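> So here's coords27.cif, just mmCIF, C-alpha atoms:
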data_input
#
loop_
_atom_site.label_atom_id
_atom_site.label_comp_id
_atom_site.auth_asym_id
_atom_site.auth_seq_id
_atom_site.Cartn_x
_atom_site.Cartn_y
_atom_site.Cartn_z
CA MET A 42 -8.82 25.51 4.00
CA ALA A 43 -10.96 26.29 0.94
CA LYS A 44 -13.63 28.94 1.24
CA ILE A 45 -17.11 27.46 1.71
CA LYS A 46 -20.62 28.79 1.32
CA LEU A 47 -22.42 29.31 4.62
CA THR A 48 -25.69 27.75 3.47
CA LYS A 49 -27.87 24.77 4.35
CA ASN A 50 -27.08 23.16 0.99
CA GLU A 51 -23.36 23.43 1.67
CA GLN A 52 -23.91 22.02 5.16
CA LYS A 53 -25.53 18.95 3.59
CA VAL A 54 -22.66 18.59 1.11
CA GLN A 55 -20.15 18.70 3.95
CA LYS A 56 -22.10 16.18 6.06
CA ASP A 57 -22.32 13.78 3.09
CA ALA A 58 -18.58 14.14 2.50
CA LEU A 59 -17.87 13.41 6.17
CA LYS A 60 -19.96 10.24 6.02
CA MET A 61 -18.03 9.10 2.95
CA TYR A 62 -14.62 9.73 4.57
CA GLN A 63 -15.68 7.94 7.75
CA ARG A 64 -17.02 5.03 5.74
CA TYR A 65 -13.87 4.53 3.65
CA LEU A 66 -11.28 5.22 6.35
CA PRO A 67 -11.69 1.83 8.15
CA THR A 68 -11.31 0.02 4.79
CA LEU A 69 -8.15 1.94 3.97
CA THR A 70 -6.76 1.37 7.48
CA LEU A 71 -7.43 -2.37 7.19
CA LYS A 72 -5.72 -2.45 3.78
CA LYS A 73 -2.72 -0.63 5.23
CA GLN A 74 -2.42 -3.17 8.05
CA GLN A 75 -2.78 -6.09 5.62
CA LEU A 76 -0.05 -4.70 3.36
CA GLN A 77 2.27 -4.15 6.32
CA SER A 78 1.70 -7.72 7.50
CA GLU A 79 2.28 -9.21 4.03
CA ILE A 80 5.48 -7.21 3.54
CA ARG A 81 6.86 -8.41 6.88
CA THR A 82 6.01 -12.03 5.98
CA ILE A 83 7.63 -11.80 2.54
CA ASP A 84 10.70 -10.01 3.92
CA GLU A 85 11.17 -12.95 6.29
CA LYS A 86 10.91 -15.38 3.36
CA VAL A 87 13.53 -13.40 1.45
CA ARG A 88 15.93 -13.61 4.40
CA GLU A 89 15.33 -17.35 4.67
CA VAL A 90 15.93 -17.96 0.96
CA ARG A 91 19.04 -15.75 0.91
CA ALA A 92 20.37 -17.60 3.96
CA GLN A 93 19.78 -20.96 2.23
CA LYS A 94 21.64 -19.76 -0.84
CA LYS A 95 24.57 -18.45 1.22
CA SER A 96 24.81 -21.75 3.12
CA LEU A 97 24.63 -23.72 -0.13
CA GLU A 98 27.36 -21.61 -1.74
CA GLU A 99 29.62 -21.97 1.30
CA ASP A 100 29.14 -25.74 1.30
CA PHE A 101 29.66 -25.74 -2.47
CA GLU A 102 33.00 -23.97 -2.19
CA LYS A 103 34.17 -26.34 0.54
CA TRP A 104 32.95 -29.32 -1.44
CA ILE A 105 34.85 -28.29 -4.59
CA SER A 106 38.01 -27.48 -2.66
CA VAL A 107 38.09 -31.07 -1.38
CA PHE A 108 38.76 -32.25 -4.93
CA GLY A 109 41.52 -29.71 -5.43
CA GLU A 110 40.21 -28.84 -8.87
CA GLN A 111 38.40 -25.54 -8.37
CA ASP A 112 39.23 -24.33 -11.88
CA ALA A 113 37.48 -27.28 -13.49
CA PHE A 114 34.00 -25.84 -12.79
CA LYS A 115 32.99 -22.67 -14.61
CA PRO A 116 29.88 -20.66 -13.58
CA ASP A 117 28.72 -20.44 -17.20
CA MET A 118 28.33 -24.22 -17.30
CA VAL A 119 24.82 -23.59 -15.92
CA THR A 120 22.56 -20.96 -17.45
CA VAL A 121 18.96 -19.88 -16.90
CA ARG A 122 16.89 -20.42 -20.05
CA ASN A 123 13.43 -19.54 -18.80
CA ILE A 124 11.84 -18.26 -15.60
CA LYS A 125 8.32 -19.46 -14.87
CA LYS A 126 6.03 -17.02 -13.08
CA GLY A 127 2.40 -17.01 -12.05
CA TRP A 128 0.38 -14.15 -10.63
CA SER A 129 -1.51 -13.57 -7.43
CA ASN A 130 -3.42 -10.71 -5.82
CA ILE A 131 -2.82 -9.29 -2.37
CA ALA A 132 -4.96 -6.38 -1.15
CA GLY A 133 -5.74 -5.44 -4.75
CA VAL A 134 -2.08 -5.59 -5.85
CA LYS A 135 -1.04 -7.95 -8.64
CA ILE A 136 2.22 -9.67 -7.69
CA PRO A 137 4.42 -12.29 -9.42
CA ILE A 138 4.77 -15.81 -8.02
CA TYR A 139 7.90 -17.89 -8.68
CA GLU A 140 6.95 -21.24 -10.24
CA GLY A 141 10.35 -22.58 -11.26
CA ALA A 142 12.89 -22.19 -14.04
CA ASP A 143 14.45 -24.08 -16.94
CA PHE A 144 18.23 -24.39 -16.88
CA GLY A 145 20.76 -25.14 -19.56
CA ARG A 146 24.06 -26.96 -19.23
CA GLY A 147 27.15 -25.72 -21.03
CA ASP A 148 29.05 -28.04 -23.32
CA TYR A 149 32.00 -29.72 -21.70
CA ASP A 150 34.09 -32.76 -22.52
CA LEU A 151 33.04 -35.68 -20.35
CA TYR A 152 36.50 -37.22 -20.73
CA SER A 153 38.57 -34.16 -19.83
CA THR A 154 36.47 -32.92 -16.90
CA PRO A 155 36.23 -34.45 -13.41
CA LEU A 156 33.39 -36.85 -12.61
CA TRP A 157 31.97 -34.51 -9.99
CA ILE A 158 31.17 -31.76 -12.54
CA ASP A 159 27.58 -32.96 -13.02
CA MET A 160 27.02 -32.95 -9.26
CA ALA A 161 28.48 -29.46 -9.07
CA ALA A 162 26.16 -28.29 -11.85
CA ASP A 163 23.17 -29.65 -9.92
CA ARG A 164 24.20 -27.64 -6.89
CA MET A 165 24.74 -24.58 -9.03
CA GLU A 166 21.21 -24.92 -10.39
CA LYS A 167 19.86 -25.05 -6.86
CA ALA A 168 21.78 -21.89 -5.92
CA LEU A 169 20.50 -20.09 -9.03
CA GLU A 170 16.96 -21.20 -8.29
CA LEU A 171 17.15 -19.82 -4.76
CA ASP A 172 18.47 -16.55 -6.17
CA LEU A 173 15.59 -16.34 -8.67
CA GLN A 174 13.07 -17.13 -5.95
CA ALA A 175 14.49 -14.36 -3.74
CA GLU A 176 14.37 -11.87 -6.63
CA VAL A 177 10.68 -12.57 -7.26
CA LEU A 178 9.94 -12.21 -3.54
CA GLU A 179 11.81 -8.89 -3.51
CA GLU A 180 9.72 -7.75 -6.49
CA GLN A 181 6.60 -8.60 -4.45
CA VAL A 182 7.90 -6.41 -1.63
CA ARG A 183 8.59 -3.53 -4.03
CA LEU A 184 5.09 -3.67 -5.51
CA LEU A 185 3.39 -3.99 -2.12
CA SER A 186 5.55 -1.22 -0.64
CA THR A 187 4.50 1.14 -3.44
CA GLU A 188 0.85 0.39 -2.73
CA LEU A 189 1.46 0.78 1.02
CA ARG A 190 2.89 4.27 0.51
CA THR A 191 -0.16 5.28 -1.53
CA THR A 192 -2.58 3.76 0.98
CA THR A 193 -0.77 5.38 3.93
CA GLN A 194 -1.00 8.77 2.20
CA ARG A 195 -4.75 8.30 1.75
CA VAL A 196 -5.23 7.25 5.37
CA ASN A 197 -3.29 10.30 6.55
CA LEU A 198 -5.23 12.55 4.16
CA PHE A 199 -8.56 11.30 5.52
CA GLU A 200 -7.49 11.19 9.19
CA LYS A 201 -5.45 14.39 9.44
CA VAL A 202 -6.93 16.63 6.74
CA LYS A 203 -10.29 15.75 5.22
CA ILE A 204 -12.21 14.59 8.31
CA PRO A 205 -11.02 17.41 10.64
CA GLU A 206 -11.51 19.98 7.87
CA THR A 207 -15.02 18.76 7.07
CA LYS A 208 -16.01 18.71 10.75
CA ALA A 209 -14.72 22.28 11.10
CA ASN A 210 -16.72 23.34 8.04
CA ILE A 211 -19.90 21.78 9.42
CA LYS A 212 -19.36 23.51 12.75
CA LYS A 213 -18.66 26.85 11.06
CA ILE A 214 -21.79 26.61 8.91
CA GLY A 215 -23.84 25.48 11.93
CA VAL A 216 -22.70 28.44 14.02
CA PHE A 217 -23.42 30.86 11.17
CA LEU A 218 -26.88 29.43 10.50
CA GLY A 219 -27.61 29.45 14.23
CA ASP A 220 -26.58 33.10 14.50
CA GLU A 221 -28.69 33.89 11.46
CA GLN A 222 -31.69 32.18 13.04
CA VAL A 223 -31.25 34.09 16.30
CA ALA A 224 -30.87 37.36 14.37
CA ALA A 225 -34.01 36.58 12.38
CA VAL A 226 -35.97 35.97 15.60
CA VAL A 227 -34.68 39.23 17.08
CA ARG A 228 -35.58 41.14 13.91
CA SER A 229 -39.02 39.53 13.94
CA LYS A 230 -39.60 40.58 17.56
CA ILE A 231 -38.44 44.13 16.86
CA SER A 232 -40.70 44.35 13.83
CA LYS A 233 -43.60 43.00 15.86
CA LYS A 234 -43.03 45.58 18.62
CA LYS A 235 -42.86 48.36 16.03
CA LEU A 236 -46.10 47.20 14.47
CA GLN A 237 -47.70 47.01 17.90
CA ALA A 238 -46.44 50.51 18.71
CA VAL A 239 -47.82 51.88 15.44
CA ALA A 240 -51.17 50.16 15.99
CA SER A 241 -51.34 51.50 19.54
CA SER A 242 -50.49 55.01 18.35
CA GLU A 243 -53.17 54.87 15.66
CA ALA A 244 -55.72 53.61 18.18
CA LYS A 245 -54.98 56.56 20.54
CA THR A 246 -55.24 59.01 17.67
CA LYS A 247 -58.66 57.69 16.70
CA GLY A 248 -59.79 57.70 20.33
CA GLY A 249 -58.83 61.35 20.72
CA LYS A 250 -61.11 62.33 17.88
#
Starting from the file, give its structure as structure tokens.


Amino acid sequence: MAKIKLTKNEQKVQKDALKMYQRYLPTLTLKKQQLQSEIRTIDEKVREVRAQKKSLEEDFEKWISVFGEQDAFKPDMVTVRNIKKGWSNIAGVKIPIYEGADFGRGDYDLYSTPLWIDMAADRMEKALELDLQAEVLEEQVRLLSTELRTTTQRVNLFEKVKIPETKANIKKIGVFLGDEQVAAVVRSKISKKKLQAVASSEAKTKGGK
């Protein structure tokens, strides 16, 4: 705990600081709860999208195996040319929003490849799109989690350090000023009694003459 001045001015500074901490703490706590809620929601979306992709890939593999020509389809027949993203704001955090993607098709001979290749490419695009969507959602979680850590640290700082410390400072200054006031009253009474004693002594001396 930093050393503080035991004065009325310092007492006011500490009281003002306490009011500020108590005013901002509910806002920070609310932000923390909002971030936690958003992260849980997005995490659930990621699991759903990943599950959709896994199911699609499993169906895709079964579907190709039916034709007995697994080697006819190459993954590089479908490529991602451009990812479209927008931006949103959650609890003061700027996060990316997936808005689609442009895909390219590799060159292949229509005469030498099976008829189902185009259908397979469509499914591959869908799988890639789900993967891109999940990646953007995971980026949202990373950004929000970083902000959550910072916000949690601030909440803990206010709750466990600043507010208790400031209250202790105010109490310490209050006790000191109270003791000072009592001491001043005692000194005043002693001085008054001394003055009265001197006045009484002088009065007796004059009376004796």

> Ranking A:Ile83, A:Leu189, A:Ile211, A:Val177 by minimum distance to Thr70 in chain A and counting only C-alpha atoms, which one comes first?

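Closest to Thr70 in chain A, using only C-alpha atoms: A:Leu189.
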
> Between A:Asp159, A:Glu166, A:Glu221, A:Glu206, which has the minimum distance to Tyr62 in chain A (counting only C-alpha atoms)?

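Using only C-alpha atoms, the shortest distance to Tyr62 in chain A belongs to A:Glu206.
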
> At what distance in Å, to one decimal, does CA of Leu198 in chain A lie from CA of Asn50 in chain A?

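Interatomic distance here is 24.5 Å.
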
> At what distance in Å, to one decimal, does CA of Gln174 in chain A lie from CA of Ala162 in chain A?

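Computing the Euclidean distance for CA of Ala162 in chain A and CA of Gln174 in chain A yields 18.2 Å.
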
> Leaving out Glu176 in chain A and any residue of its chain fewer than 3 positions from it, which residues lie within 12 Å of it when counting only C-alpha atoms, given as a PyMOL selection string?

chain A and resi 83-84+86-88+90-91+124+126+137-139+169-173+179-183

> Those same residues, written as a compact mmCIF listing (two decimals), keeping the file's coordinate frame with C-alpha atoms?


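Once written, out.txt looks like this:
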# COMPACT_ATOMS: atom_id res chain seq x y z
CA ILE A 83 7.63 -11.80 2.54
CA ASP A 84 10.70 -10.01 3.92
CA LYS A 86 10.91 -15.38 3.36
CA VAL A 87 13.53 -13.40 1.45
CA ARG A 88 15.93 -13.61 4.40
CA VAL A 90 15.93 -17.96 0.96
CA ARG A 91 19.04 -15.75 0.91
CA ILE A 124 11.84 -18.26 -15.60
CA LYS A 126 6.03 -17.02 -13.08
CA PRO A 137 4.42 -12.29 -9.42
CA ILE A 138 4.77 -15.81 -8.02
CA TYR A 139 7.90 -17.89 -8.68
CA LEU A 169 20.50 -20.09 -9.03
CA GLU A 170 16.96 -21.20 -8.29
CA LEU A 171 17.15 -19.82 -4.76
CA ASP A 172 18.47 -16.55 -6.17
CA LEU A 173 15.59 -16.34 -8.67
CA GLU A 179 11.81 -8.89 -3.51
CA GLU A 180 9.72 -7.75 -6.49
CA GLN A 181 6.60 -8.60 -4.45
CA VAL A 182 7.90 -6.41 -1.63
CA ARG A 183 8.59 -3.53 -4.03

> Which residues are close to Lys208 in chain A, i.e. within 12 Å by only C-alpha atoms, leaving aside same-chain residues fewer than 2 positions away? Reply as a PyMOL selection string.

chain A and resi 42+52-60+62-63+199-206+210-215

> Separation of CA of Asp143 in chain A and CA of Asn123 in chain A, in Å?

5.0 Å

> Report as a ChimeraX atom specification the residues that result from applying the PyMOL selection byres ((chain A and resi 134) around 8) to the structure here.

/A:130-133,135-136,184-185,188
